[in-house]
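Text of the file run30.txt, holding compact mmCIF, N, CA and C atoms:
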# COMPACT_ATOMS: atom_id res chain seq x y z
N MET A 1350 -33.44 59.60 -6.95
CA MET A 1350 -34.58 59.20 -6.15
C MET A 1350 -35.40 60.45 -5.84
N THR A 1351 -36.70 60.33 -5.97
CA THR A 1351 -37.57 61.49 -5.74
C THR A 1351 -37.75 61.73 -4.25
N ASN A 1352 -38.12 62.95 -3.94
CA ASN A 1352 -38.36 63.32 -2.55
C ASN A 1352 -39.53 62.53 -1.96
N ALA A 1353 -40.59 62.31 -2.76
CA ALA A 1353 -41.75 61.55 -2.30
C ALA A 1353 -41.35 60.11 -1.97
N LYS A 1354 -40.49 59.53 -2.80
CA LYS A 1354 -40.04 58.16 -2.57
C LYS A 1354 -39.23 58.09 -1.27
N LEU A 1355 -38.37 59.07 -1.08
CA LEU A 1355 -37.57 59.13 0.13
C LEU A 1355 -38.47 59.21 1.36
N LYS A 1356 -39.50 60.02 1.31
CA LYS A 1356 -40.42 60.17 2.43
C LYS A 1356 -41.15 58.87 2.73
N ALA A 1357 -41.57 58.16 1.68
CA ALA A 1357 -42.27 56.88 1.87
C ALA A 1357 -41.33 55.87 2.52
N ASP A 1358 -40.08 55.85 2.07
CA ASP A 1358 -39.11 54.93 2.66
C ASP A 1358 -38.85 55.28 4.13
N ASP A 1359 -38.74 56.57 4.41
CA ASP A 1359 -38.53 57.02 5.79
C ASP A 1359 -39.69 56.57 6.68
N ALA A 1360 -40.90 56.72 6.18
CA ALA A 1360 -42.08 56.33 6.96
C ALA A 1360 -42.05 54.82 7.24
N THR A 1361 -41.64 54.04 6.27
CA THR A 1361 -41.54 52.58 6.44
C THR A 1361 -40.50 52.23 7.50
N ILE A 1362 -39.35 52.91 7.42
CA ILE A 1362 -38.29 52.67 8.39
C ILE A 1362 -38.76 53.02 9.80
N LEU A 1363 -39.43 54.16 9.93
CA LEU A 1363 -39.90 54.59 11.25
C LEU A 1363 -40.99 53.66 11.78
N LYS A 1364 -41.81 53.13 10.90
CA LYS A 1364 -42.83 52.17 11.31
C LYS A 1364 -42.16 50.90 11.86
N LYS A 1365 -41.10 50.46 11.17
CA LYS A 1365 -40.37 49.27 11.63
C LYS A 1365 -39.68 49.55 12.96
N LEU A 1366 -39.14 50.76 13.10
CA LEU A 1366 -38.50 51.13 14.36
C LEU A 1366 -39.52 51.11 15.50
N ARG A 1367 -40.71 51.64 15.27
CA ARG A 1367 -41.76 51.61 16.31
C ARG A 1367 -42.12 50.17 16.67
N ALA A 1368 -42.20 49.31 15.67
CA ALA A 1368 -42.52 47.91 15.95
C ALA A 1368 -41.41 47.25 16.77
N LEU A 1369 -40.17 47.56 16.43
CA LEU A 1369 -39.04 47.02 17.17
C LEU A 1369 -39.03 47.55 18.59
N ARG A 1370 -39.29 48.83 18.74
CA ARG A 1370 -39.29 49.45 20.07
C ARG A 1370 -40.42 48.94 20.95
N SER A 1371 -41.48 48.43 20.35
CA SER A 1371 -42.56 47.86 21.16
C SER A 1371 -42.11 46.54 21.80
N LYS A 1372 -41.02 45.98 21.30
CA LYS A 1372 -40.52 44.71 21.80
C LYS A 1372 -39.21 44.84 22.58
N GLN A 1373 -38.46 45.92 22.34
CA GLN A 1373 -37.16 46.08 22.97
C GLN A 1373 -36.99 47.50 23.48
N SER A 1374 -36.16 47.66 24.50
CA SER A 1374 -35.91 48.99 25.06
C SER A 1374 -35.07 49.81 24.10
N GLN A 1375 -35.09 51.11 24.31
CA GLN A 1375 -34.31 52.02 23.49
C GLN A 1375 -32.82 51.67 23.58
N GLN A 1376 -32.36 51.36 24.77
CA GLN A 1376 -30.96 51.01 24.98
C GLN A 1376 -30.59 49.71 24.26
N THR A 1377 -31.47 48.72 24.29
CA THR A 1377 -31.21 47.45 23.61
C THR A 1377 -31.13 47.65 22.11
N VAL A 1378 -32.05 48.44 21.56
CA VAL A 1378 -32.03 48.73 20.12
C VAL A 1378 -30.75 49.46 19.76
N ALA A 1379 -30.39 50.45 20.55
CA ALA A 1379 -29.18 51.23 20.28
C ALA A 1379 -27.94 50.34 20.30
N ARG A 1380 -27.84 49.49 21.30
CA ARG A 1380 -26.69 48.59 21.41
C ARG A 1380 -26.61 47.65 20.21
N ALA A 1381 -27.74 47.11 19.80
CA ALA A 1381 -27.77 46.19 18.67
C ALA A 1381 -27.36 46.87 17.36
N LEU A 1382 -27.69 48.16 17.24
CA LEU A 1382 -27.39 48.89 16.01
C LEU A 1382 -26.06 49.63 16.07
N GLY A 1383 -25.42 49.62 17.23
CA GLY A 1383 -24.13 50.29 17.38
C GLY A 1383 -24.22 51.80 17.40
N VAL A 1384 -25.31 52.31 17.96
CA VAL A 1384 -25.50 53.76 18.08
C VAL A 1384 -25.83 54.10 19.53
N ALA A 1385 -25.82 55.38 19.83
CA ALA A 1385 -26.18 55.84 21.16
C ALA A 1385 -27.71 55.82 21.33
N SER A 1386 -28.15 55.68 22.57
CA SER A 1386 -29.60 55.71 22.85
C SER A 1386 -30.24 57.00 22.37
N ARG A 1387 -29.51 58.08 22.50
CA ARG A 1387 -30.06 59.37 22.07
C ARG A 1387 -30.28 59.42 20.56
N THR A 1388 -29.50 58.65 19.81
CA THR A 1388 -29.70 58.58 18.36
C THR A 1388 -31.03 57.91 18.05
N VAL A 1389 -31.32 56.82 18.75
CA VAL A 1389 -32.61 56.14 18.57
C VAL A 1389 -33.74 57.08 18.95
N ARG A 1390 -33.55 57.83 20.03
CA ARG A 1390 -34.56 58.80 20.47
C ARG A 1390 -34.80 59.85 19.39
N ARG A 1391 -33.73 60.34 18.75
CA ARG A 1391 -33.88 61.33 17.68
C ARG A 1391 -34.65 60.74 16.51
N TRP A 1392 -34.41 59.48 16.18
CA TRP A 1392 -35.14 58.83 15.10
C TRP A 1392 -36.62 58.77 15.45
N GLU A 1393 -36.92 58.38 16.69
CA GLU A 1393 -38.30 58.25 17.12
C GLU A 1393 -39.05 59.58 17.09
N HIS A 1394 -38.35 60.64 17.40
CA HIS A 1394 -38.98 61.97 17.43
C HIS A 1394 -38.97 62.65 16.07
N GLY A 1395 -38.35 62.01 15.06
CA GLY A 1395 -38.33 62.58 13.73
C GLY A 1395 -37.28 63.66 13.53
N ASP A 1396 -36.35 63.80 14.48
CA ASP A 1396 -35.30 64.80 14.35
C ASP A 1396 -34.24 64.39 13.33
N SER A 1397 -34.10 63.09 13.12
CA SER A 1397 -33.19 62.57 12.09
C SER A 1397 -33.73 61.21 11.66
N ILE A 1398 -33.14 60.68 10.60
CA ILE A 1398 -33.58 59.37 10.10
C ILE A 1398 -32.38 58.43 10.06
N PRO A 1399 -32.62 57.14 10.21
CA PRO A 1399 -31.52 56.19 10.14
C PRO A 1399 -30.89 56.17 8.75
N ARG A 1400 -29.60 55.96 8.71
CA ARG A 1400 -28.89 55.79 7.44
C ARG A 1400 -29.28 54.42 6.88
N PRO A 1401 -29.02 54.19 5.59
CA PRO A 1401 -29.43 52.91 4.98
C PRO A 1401 -28.93 51.67 5.73
N HIS A 1402 -27.67 51.67 6.17
CA HIS A 1402 -27.16 50.49 6.89
C HIS A 1402 -27.85 50.34 8.25
N GLN A 1403 -28.23 51.45 8.85
CA GLN A 1403 -28.95 51.38 10.12
C GLN A 1403 -30.39 50.91 9.91
N ALA A 1404 -30.99 51.35 8.81
CA ALA A 1404 -32.34 50.89 8.47
C ALA A 1404 -32.34 49.38 8.25
N SER A 1405 -31.29 48.90 7.60
CA SER A 1405 -31.15 47.46 7.39
C SER A 1405 -31.02 46.74 8.74
N GLY A 1406 -30.26 47.35 9.66
CA GLY A 1406 -30.11 46.77 10.99
C GLY A 1406 -31.43 46.73 11.75
N ILE A 1407 -32.23 47.78 11.58
CA ILE A 1407 -33.56 47.80 12.22
C ILE A 1407 -34.40 46.64 11.70
N GLN A 1408 -34.39 46.44 10.39
CA GLN A 1408 -35.13 45.34 9.79
C GLN A 1408 -34.65 44.00 10.33
N ASN A 1409 -33.32 43.82 10.40
CA ASN A 1409 -32.77 42.56 10.90
C ASN A 1409 -33.16 42.32 12.35
N GLN A 1410 -33.07 43.35 13.18
CA GLN A 1410 -33.44 43.21 14.59
C GLN A 1410 -34.93 42.89 14.73
N LEU A 1411 -35.75 43.51 13.89
CA LEU A 1411 -37.19 43.25 13.94
C LEU A 1411 -37.48 41.80 13.59
N GLU A 1412 -36.78 41.30 12.58
CA GLU A 1412 -36.97 39.89 12.19
C GLU A 1412 -36.54 38.96 13.31
N LEU A 1413 -35.49 39.32 14.04
CA LEU A 1413 -35.02 38.49 15.14
C LEU A 1413 -36.02 38.45 16.29
N THR A 1414 -36.83 39.49 16.43
CA THR A 1414 -37.80 39.51 17.52
C THR A 1414 -39.10 38.79 17.17
N GLN A 1415 -39.28 38.48 15.89
CA GLN A 1415 -40.49 37.79 15.46
C GLN A 1415 -40.34 36.30 15.71
N PRO A 1416 -41.39 35.64 16.11
CA PRO A 1416 -41.29 34.19 16.24
C PRO A 1416 -41.01 33.57 14.88
N LEU A 1417 -40.06 32.64 14.85
CA LEU A 1417 -39.69 32.02 13.58
C LEU A 1417 -40.70 30.96 13.16
N ILE A 1418 -41.47 30.50 14.10
CA ILE A 1418 -42.52 29.54 13.77
C ILE A 1418 -43.74 29.89 14.60
N GLU A 1419 -44.85 29.81 13.99
CA GLU A 1419 -46.08 30.04 14.73
C GLU A 1419 -46.66 28.68 15.06
N VAL A 1420 -46.88 28.44 16.32
CA VAL A 1420 -47.45 27.18 16.75
C VAL A 1420 -48.93 27.22 16.43
N ALA A 1421 -49.42 26.16 15.83
CA ALA A 1421 -50.83 26.10 15.47
C ALA A 1421 -51.69 26.29 16.72
N THR A 1422 -52.80 26.97 16.54
CA THR A 1422 -53.67 27.24 17.69
C THR A 1422 -54.40 26.00 18.18
N ASP A 1423 -54.38 24.95 17.40
CA ASP A 1423 -55.09 23.74 17.80
C ASP A 1423 -54.19 22.77 18.57
N THR A 1424 -52.99 23.21 18.99
CA THR A 1424 -52.13 22.33 19.76
C THR A 1424 -52.68 22.20 21.18
N ARG A 1425 -52.51 21.03 21.74
CA ARG A 1425 -52.99 20.78 23.09
C ARG A 1425 -52.00 21.31 24.13
N PHE A 1426 -50.72 21.41 23.74
CA PHE A 1426 -49.69 21.91 24.65
C PHE A 1426 -48.48 22.34 23.82
N THR A 1427 -47.62 23.14 24.42
CA THR A 1427 -46.37 23.52 23.77
C THR A 1427 -45.21 22.94 24.56
N PHE A 1428 -44.08 22.78 23.89
CA PHE A 1428 -42.92 22.21 24.55
C PHE A 1428 -41.65 22.75 23.90
N ILE A 1429 -40.54 22.58 24.62
CA ILE A 1429 -39.23 22.89 24.05
C ILE A 1429 -38.47 21.58 23.90
N ASP A 1430 -37.65 21.51 22.89
CA ASP A 1430 -36.92 20.29 22.58
C ASP A 1430 -35.44 20.51 22.90
N LEU A 1431 -35.04 20.16 24.13
CA LEU A 1431 -33.65 20.29 24.56
C LEU A 1431 -32.90 19.00 24.28
N PHE A 1432 -31.62 19.11 23.96
CA PHE A 1432 -30.82 17.93 23.59
C PHE A 1432 -31.58 17.16 22.50
N ALA A 1433 -31.93 17.87 21.46
CA ALA A 1433 -32.91 17.43 20.48
C ALA A 1433 -32.48 16.27 19.61
N GLY A 1434 -31.18 16.09 19.41
CA GLY A 1434 -30.75 15.05 18.49
C GLY A 1434 -31.29 15.33 17.11
N ILE A 1435 -31.95 14.34 16.52
CA ILE A 1435 -32.53 14.53 15.18
C ILE A 1435 -34.04 14.72 15.22
N GLY A 1436 -34.61 14.81 16.43
CA GLY A 1436 -36.01 15.17 16.56
C GLY A 1436 -36.98 14.05 16.88
N GLY A 1437 -36.52 12.95 17.39
CA GLY A 1437 -37.42 11.84 17.69
C GLY A 1437 -38.46 12.16 18.75
N ILE A 1438 -38.04 12.82 19.81
CA ILE A 1438 -38.99 13.18 20.87
C ILE A 1438 -39.99 14.21 20.33
N ARG A 1439 -39.48 15.16 19.55
CA ARG A 1439 -40.37 16.18 18.98
C ARG A 1439 -41.46 15.51 18.15
N GLN A 1440 -41.07 14.58 17.30
CA GLN A 1440 -42.05 13.90 16.45
C GLN A 1440 -43.12 13.22 17.31
N SER A 1441 -42.69 12.57 18.37
CA SER A 1441 -43.65 11.90 19.25
C SER A 1441 -44.60 12.88 19.92
N PHE A 1442 -44.04 13.99 20.43
CA PHE A 1442 -44.88 15.00 21.08
C PHE A 1442 -45.85 15.63 20.09
N GLU A 1443 -45.39 15.89 18.88
CA GLU A 1443 -46.28 16.48 17.88
C GLU A 1443 -47.37 15.49 17.47
N ASN A 1444 -47.06 14.23 17.48
CA ASN A 1444 -48.06 13.21 17.13
C ASN A 1444 -49.22 13.16 18.12
N ILE A 1445 -48.98 13.60 19.36
CA ILE A 1445 -50.06 13.60 20.35
C ILE A 1445 -50.62 15.00 20.59
N GLY A 1446 -50.30 15.94 19.70
CA GLY A 1446 -50.93 17.26 19.74
C GLY A 1446 -50.08 18.40 20.26
N GLY A 1447 -48.78 18.20 20.44
CA GLY A 1447 -47.92 19.25 20.95
C GLY A 1447 -47.39 20.16 19.85
N GLY A 1448 -46.91 21.31 20.26
CA GLY A 1448 -46.30 22.27 19.34
C GLY A 1448 -44.96 22.72 19.89
N CYS A 1449 -43.89 22.49 19.14
CA CYS A 1449 -42.54 22.84 19.58
C CYS A 1449 -42.30 24.33 19.40
N VAL A 1450 -41.80 25.01 20.45
CA VAL A 1450 -41.56 26.45 20.39
C VAL A 1450 -40.08 26.80 20.47
N PHE A 1451 -39.20 25.85 20.81
CA PHE A 1451 -37.77 26.11 20.90
C PHE A 1451 -37.04 24.79 20.80
N THR A 1452 -35.88 24.82 20.13
CA THR A 1452 -35.07 23.61 19.97
C THR A 1452 -33.62 23.93 20.26
N SER A 1453 -32.95 23.04 20.99
CA SER A 1453 -31.53 23.21 21.28
C SER A 1453 -30.80 21.89 21.03
N GLU A 1454 -29.72 21.98 20.26
CA GLU A 1454 -28.85 20.82 20.00
C GLU A 1454 -27.47 21.34 19.68
N TRP A 1455 -26.45 20.81 20.32
CA TRP A 1455 -25.09 21.32 20.13
C TRP A 1455 -24.36 20.66 18.97
N ASP A 1456 -24.68 19.45 18.62
CA ASP A 1456 -23.95 18.74 17.56
C ASP A 1456 -24.37 19.25 16.18
N SER A 1457 -23.40 19.72 15.40
CA SER A 1457 -23.71 20.34 14.10
C SER A 1457 -24.33 19.35 13.12
N TYR A 1458 -23.92 18.10 13.16
CA TYR A 1458 -24.49 17.11 12.24
C TYR A 1458 -25.94 16.79 12.62
N ALA A 1459 -26.20 16.70 13.92
CA ALA A 1459 -27.57 16.47 14.38
C ALA A 1459 -28.45 17.67 14.02
N GLN A 1460 -27.89 18.89 14.13
CA GLN A 1460 -28.65 20.09 13.77
C GLN A 1460 -29.07 20.05 12.30
N LYS A 1461 -28.14 19.66 11.44
CA LYS A 1461 -28.45 19.58 10.00
C LYS A 1461 -29.53 18.56 9.72
N THR A 1462 -29.43 17.42 10.36
CA THR A 1462 -30.45 16.37 10.18
C THR A 1462 -31.79 16.82 10.73
N TYR A 1463 -31.77 17.47 11.89
CA TYR A 1463 -33.00 17.98 12.51
C TYR A 1463 -33.69 18.95 11.56
N GLN A 1464 -32.91 19.86 10.97
CA GLN A 1464 -33.50 20.85 10.07
C GLN A 1464 -34.02 20.20 8.79
N LEU A 1465 -33.44 19.10 8.37
CA LEU A 1465 -33.99 18.36 7.23
C LEU A 1465 -35.29 17.66 7.63
N ASN A 1466 -35.34 17.16 8.85
CA ASN A 1466 -36.55 16.48 9.33
C ASN A 1466 -37.70 17.46 9.60
N PHE A 1467 -37.36 18.70 9.97
CA PHE A 1467 -38.37 19.72 10.28
C PHE A 1467 -38.01 21.01 9.54
N PRO A 1468 -38.19 21.02 8.22
CA PRO A 1468 -37.71 22.15 7.41
C PRO A 1468 -38.45 23.47 7.65
N LYS A 1469 -39.69 23.46 7.97
CA LYS A 1469 -40.46 24.70 8.17
C LYS A 1469 -40.63 24.94 9.66
N THR A 1470 -39.51 25.27 10.29
CA THR A 1470 -39.53 25.44 11.73
C THR A 1470 -38.56 26.52 12.14
N HIS A 1471 -38.43 26.76 13.42
CA HIS A 1471 -37.51 27.74 13.96
C HIS A 1471 -36.07 27.23 13.85
N GLU A 1472 -35.11 28.14 14.06
CA GLU A 1472 -33.71 27.74 14.05
C GLU A 1472 -33.42 26.86 15.25
N VAL A 1473 -32.40 26.02 15.09
CA VAL A 1473 -31.95 25.17 16.18
C VAL A 1473 -30.84 25.91 16.91
N ALA A 1474 -31.03 26.16 18.19
CA ALA A 1474 -30.02 26.87 18.99
C ALA A 1474 -28.95 25.90 19.46
N GLY A 1475 -27.78 26.42 19.72
CA GLY A 1475 -26.70 25.61 20.25
C GLY A 1475 -25.52 25.55 19.31
N GLY A 1476 -24.51 24.85 19.76
CA GLY A 1476 -23.36 24.60 18.91
C GLY A 1476 -22.35 25.63 18.98
Kindly present the structure from the file in structure tokens form.
Amino acid sequence: MTNAKLKADDATILKKLRALRSKQSQQTVARALGVASRTVRRWEHGDSIPRPHQASGIQNQLELTQPLIEVATDTRFTFIDLFAGIGGIRQSFENIGGGCVFTSEWDSYAQKTYQLNFPKTHEVAGG
């Protein structure tokens, strides 16, 4: 691997770290990655760079902080779907202009059916 390629990769990793840090504290990032807070601080200051497995962890954490579904801007209201079952209430709310931002269902079979009924959506929490 060339030195220029390594530098470009490092810059990408640090950009992702900055994006993650804009959403989470240094301590939270460190805990999630299994490193000390001072290690994250050294990465931020350019004193060291994350190892490949840590860079992968940064990417994973960043993805977890991103909304899994973007609610359309033309929704009249947003709602959460608790005790969701297979999504009957959600369908009704969406039919009148709502946008679902969170779903919770504990039954694994209902979760599978829900995800089939709403394939391009956020994960179903619970279980």
Find the distance between atom CA of Thr1424 of chain A and atom N of Phe1467 of chain A and write it in Å to one decimal.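 Separation of atom CA of Thr1424 of chain A and atom N of Phe1467 of chain A: 18.1 Å.
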Between atom N of Ala1381 of chain A and atom N of Pro1399 of chain A, what is the distance, to one decimal in Å?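 Between atom N of Ala1381 of chain A and atom N of Pro1399 of chain A the gap works out to 14.7 Å.
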Can you measure atom C of Gly1448 of chain A to atom C of Gln1410 of chain A for me? One decimal in Å is fine.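 If I compute the distance from atom C of Gly1448 of chain A to atom C of Gln1410 of chain A, I get 23.1 Å.
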Write out as a PyMOL selection string all residues of segment 1353-1442 of chain A that backbone DSSP assigns to helix (DSSP H, G or I). chain A and resi 1353-1370+1375-1382+1386-1394+1401-1414+1437-1442
I'd like the neighbourhood of Ala1474 of chain A as JSON, numbers by chain, where a residue qualifies if any of its atoms comes within 6.5 Å (using only N, CA and C atoms), though same-chain residues fewer than 6 positions away should be ignored. {"A": [1452, 1453, 1454, 1455]}
